[in-house]
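Heads up, coords-v7.tsv below (TSV, C-alpha atoms and all ligand atoms):
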chain	number	residue	atom	x	y	z
A	115	MET	CA	-13.67	-97.25	-157.56
A	116	SER	CA	-14.98	-93.69	-157.38
A	117	TYR	CA	-18.39	-92.62	-156.13
A	118	ASP	CA	-21.13	-92.67	-158.80
A	119	SER	CA	-23.23	-89.58	-158.12
A	120	ASN	CA	-26.04	-90.96	-160.29
A	121	ASN	CA	-26.63	-94.10	-158.23
A	122	ILE	CA	-30.26	-94.52	-157.17
A	123	PHE	CA	-29.71	-93.54	-153.53
A	124	ALA	CA	-27.83	-90.37	-154.55
A	125	ARG	CA	-30.88	-89.51	-156.65
A	126	ILE	CA	-33.23	-90.23	-153.74
A	127	LEU	CA	-31.04	-87.98	-151.53
A	128	ARG	CA	-31.45	-85.16	-154.08
A	129	HIS	CA	-35.22	-85.87	-154.12
A	130	GLU	CA	-35.02	-86.56	-157.86
A	131	VAL	CA	-36.54	-90.02	-157.36
A	132	PRO	CA	-39.48	-90.62	-155.01
A	133	ALA	CA	-39.11	-92.76	-151.91
A	134	LYS	CA	-41.21	-93.40	-148.82
A	135	ILE	CA	-39.05	-91.23	-146.57
A	136	ILE	CA	-39.58	-91.67	-142.84
A	137	TYR	CA	-36.69	-89.66	-141.38
A	138	GLU	CA	-34.25	-86.95	-142.44
A	139	ASP	CA	-31.70	-84.84	-140.60
A	140	ASP	CA	-28.36	-83.18	-141.42
A	141	TYR	CA	-26.54	-86.51	-141.57
A	142	ALA	CA	-28.91	-89.18	-142.80
A	143	LEU	CA	-32.03	-90.11	-144.72
A	144	ALA	CA	-34.22	-93.15	-143.99
A	145	PHE	CA	-36.83	-94.65	-146.29
A	146	HIS	CA	-38.68	-97.91	-146.91
A	147	ASP	CA	-36.97	-100.48	-149.13
A	148	ILE	CA	-38.77	-100.84	-152.47
A	149	ASN	CA	-38.61	-104.65	-152.20
A	150	PRO	CA	-39.10	-105.41	-148.48
A	151	GLN	CA	-37.62	-108.64	-147.11
A	152	ALA	CA	-39.47	-108.40	-143.77
A	153	PRO	CA	-42.73	-106.77	-142.58
A	154	LEU	CA	-40.61	-103.69	-141.85
A	155	HIS	CA	-37.56	-103.04	-144.04
A	156	VAL	CA	-36.02	-99.58	-143.86
A	157	LEU	CA	-32.78	-98.27	-145.34
A	158	VAL	CA	-30.69	-95.59	-143.64
A	159	ILE	CA	-28.11	-93.75	-145.73
A	160	PRO	CA	-25.60	-91.03	-144.89
A	161	LYS	CA	-25.84	-87.71	-146.71
A	162	GLY	CA	-22.16	-87.80	-147.68
A	163	ASN	CA	-20.89	-89.54	-150.80
A	164	TYR	CA	-19.65	-92.86	-149.40
A	165	ILE	CA	-19.69	-96.02	-151.47
A	166	SER	CA	-19.80	-98.61	-148.70
A	167	PHE	CA	-19.50	-99.31	-144.99
A	168	TYR	CA	-15.75	-99.62	-145.42
A	169	ASP	CA	-15.49	-96.31	-147.31
A	170	PHE	CA	-17.61	-94.57	-144.67
A	171	SER	CA	-15.63	-96.11	-141.81
A	172	GLN	CA	-12.35	-95.05	-143.39
A	173	ASN	CA	-13.23	-91.58	-144.66
A	174	ALA	CA	-16.18	-90.05	-142.77
A	175	SER	CA	-15.39	-87.43	-140.14
A	176	PHE	CA	-16.12	-88.00	-136.46
A	177	GLU	CA	-19.09	-85.63	-136.75
A	178	GLU	CA	-20.52	-87.49	-139.76
A	179	THR	CA	-20.02	-90.84	-138.06
A	180	LYS	CA	-21.62	-89.75	-134.81
A	181	GLY	CA	-24.41	-87.99	-136.70
A	182	PHE	CA	-25.14	-91.00	-138.88
A	183	TYR	CA	-25.30	-93.59	-136.11
A	184	GLY	CA	-27.29	-91.16	-133.97
A	185	ALA	CA	-29.77	-90.94	-136.84
A	186	VAL	CA	-29.98	-94.74	-137.00
A	187	LYS	CA	-30.86	-94.74	-133.30
A	188	ASN	CA	-33.49	-92.04	-133.89
A	189	VAL	CA	-35.03	-94.15	-136.67
A	190	ILE	CA	-35.17	-97.19	-134.36
A	191	ASP	CA	-36.88	-95.05	-131.72
A	192	GLN	CA	-39.33	-93.64	-134.26
A	193	LEU	CA	-40.24	-97.12	-135.50
A	194	GLU	CA	-40.72	-98.34	-131.89
A	195	ILE	CA	-38.95	-101.64	-132.64
A	196	HIS	CA	-36.53	-101.64	-129.72
A	197	ASP	CA	-38.60	-103.82	-127.41
A	198	ASP	CA	-39.51	-106.55	-129.92
A	199	GLY	CA	-36.10	-106.49	-131.59
A	200	PHE	CA	-34.73	-105.93	-135.06
A	201	ARG	CA	-31.74	-106.65	-137.30
A	202	VAL	CA	-29.29	-104.13	-138.74
A	203	LEU	CA	-27.28	-105.31	-141.75
A	204	THR	CA	-24.98	-103.83	-144.35
A	205	ASN	CA	-23.73	-105.46	-147.54
A	206	ASN	CA	-20.25	-104.40	-148.61
A	207	GLY	CA	-18.79	-105.07	-152.04
A	208	VAL	CA	-19.13	-108.05	-154.36
A	209	ASN	CA	-18.97	-110.89	-151.84
A	210	GLY	CA	-21.24	-108.91	-149.52
A	211	GLY	CA	-23.86	-108.77	-152.27
A	212	GLN	CA	-24.00	-104.97	-152.35
A	213	GLU	CA	-26.16	-103.73	-155.24
A	214	VAL	CA	-26.36	-99.97	-154.67
A	215	PRO	CA	-22.97	-98.21	-154.35
A	216	HIS	CA	-24.00	-95.71	-151.66
A	217	PHE	CA	-23.45	-96.88	-148.08
A	218	HIS	CA	-26.70	-98.02	-146.48
A	219	LEU	CA	-27.82	-99.91	-143.43
A	220	HIS	CA	-30.83	-102.21	-143.71
A	221	ILE	CA	-33.14	-102.34	-140.67
A	222	PHE	CA	-35.42	-105.40	-140.59
A	223	ALA	CA	-38.20	-105.92	-138.06
A	224	GLY	CA	-41.78	-107.05	-137.57
A	225	ARG	CA	-41.32	-110.81	-137.08
A	226	PRO	CA	-38.73	-113.27	-135.77
A	227	LEU	CA	-36.00	-113.05	-138.39
A	228	GLY	CA	-34.48	-116.52	-138.13
A	229	ARG	CA	-30.88	-117.45	-138.73
A	230	MET	CA	-28.40	-114.74	-139.54
A	231	ILE	CA	-27.16	-116.30	-142.79
A	232	GLN	CA	-28.88	-119.06	-144.79
A	233	SER	CA	-26.82	-122.13	-145.49
A	234	PRO	CA	-25.65	-122.30	-149.14
B	301	LIG	P1	-27.91	-103.90	-151.20
B	301	LIG	O1	-28.02	-105.23	-151.90
B	301	LIG	O2	-27.11	-102.91	-152.02
B	301	LIG	O3	-27.43	-104.02	-149.80
B	301	LIG	O4	-29.38	-103.38	-151.06
B	301	LIG	C1	-29.97	-102.47	-151.93
B	301	LIG	C2	-31.42	-102.35	-151.53
B	301	LIG	O5	-31.94	-101.21	-152.16
B	301	LIG	C3	-32.27	-103.54	-151.92
B	301	LIG	O6	-32.89	-104.09	-150.77
B	301	LIG	C4	-33.29	-102.94	-152.89
B	301	LIG	O7	-34.58	-103.50	-152.77
B	301	LIG	C5	-33.27	-101.47	-152.53
B	301	LIG	N1	-33.58	-100.56	-153.64
B	301	LIG	C6	-33.05	-100.61	-154.88
B	301	LIG	N2	-33.55	-99.62	-155.63
B	301	LIG	C7	-34.40	-98.92	-154.83
B	301	LIG	C8	-35.22	-97.78	-155.05
B	301	LIG	O8	-35.28	-97.20	-156.12
B	301	LIG	N3	-35.96	-97.35	-153.99
B	301	LIG	C9	-35.93	-97.97	-152.78
B	301	LIG	N4	-36.70	-97.46	-151.82
B	301	LIG	N5	-35.17	-99.05	-152.54
B	301	LIG	C10	-34.41	-99.52	-153.57
Could you express the structure from this file as C-alpha cells?
Ligand code: 5GP
Amino acid sequence: MSYDSNNIFARILRHEVPAKIIYEDDYALAFHDINPQAPLHVLVIPKGNYISFYDFSQNASFEETKGFYGAVKNVIDQLEIHDDGFRVLTNNGVNGGQEVPHFHLHIFAGRPLGRMIQSP
C-alpha cells in the first residue's frame, strides 16, 4: 500500500482543508478531532508521509521520530492534562480500525476514560 497524498490529513497538513489547529512545529501538527469521543480529543500527526504507526516506526528517521514524540509531549504540556491524566491511542490497519491512512495519535482527556477496550 502506497501513501495517498490526497488523504484528509495530508490536505489538512497542506492547509487545504480547515482544522482547529492547536500546535505546529517542524515535525508535527495537532488539531481537534472533528468528531470528539471525549471532552478533549486531539489528533497529532507527523509532517512526513507515513501511513500508519508501523510505517512510521519502520521508516521515519531518528530525527523525525524524536521530533514527533517531542511534539506530542509539547501538546500534552500545552493542554495541561498531565496532572489529571489522559489516553494516547493509535489505530493501525484494518483490525485496528484505522480510517485515515496518515499516521496519527489520538489524545483523549477531560474525564475518566473507563476501560481500555470495550468488550465485544
Ligand atoms: P482513525 O479511525 O483513523 O484512527 O481516526 C480518524 C479520526 O479522524 C477520527 O476520529 C475522525 O473523527 C477524524 N477525522 C476524520 N476526518 C476529519 C477531518 O476532516 N477533520 C478532523 N479534524 N478530524 C477528522
Can you pull out every residue with an atom within 12 Å of ligand LIG 301 (chain B)? Use all atoms listed in the file and format it as an MDAnalysis selection string.
chainID A and resid 120:127 129:136 143:152 154:159 165:167 202:222
Distance atom CA of Pro160 of chain A-atom CA of Gly199 of chain A, one decimal place?
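Calculated distance between atom CA of Pro160 of chain A and atom CA of Gly199 of chain A is 22.9 Å.
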Measure the distance from atom CA of Ile195 of chain A to atom CA of Glu177 of chain A in Å and round it to one decimal.
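So the two atoms, atom CA of Ile195 of chain A and atom CA of Glu177 of chain A, lie 25.8 Å apart.
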What separates atom CA of Tyr164 of chain A and atom CA of His196 of chain A is a distance of 27.4 Å
Nearest candidate to Arg201 of chain A (options A:Ser175, A:Lys161, A:Pro226, A:Asp169; using all atoms listed in the file)
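Smallest separation from Arg201 of chain A among the options: A:Pro226.
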What's the 9 Å shell around Ala185 of chain A, counting only C-alpha atoms, without same-chain residues fewer than 4 positions away, as a list of chain:residue names?
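In the requested format, the answer is A:Tyr137, A:Glu138, A:Asp139, A:Tyr141, A:Ala142, A:Leu143, A:Ala144, A:Val158, A:Lys180, A:Gly181, A:Val189, A:Ile190.
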Tell me which of A:Asp198, A:Asn163, A:Gly228, A:Ala223 sits closest to Tyr117 of chain A, counting only C-alpha atoms.
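Among the listed residues, A:Asn163 lies closest to Tyr117 of chain A.
Counting only C-alpha atoms, the residue from A:Pro153, A:Asp140, A:Asp191, A:Phe200 that sits nearest to Thr179 of chain A is A:Asp140.
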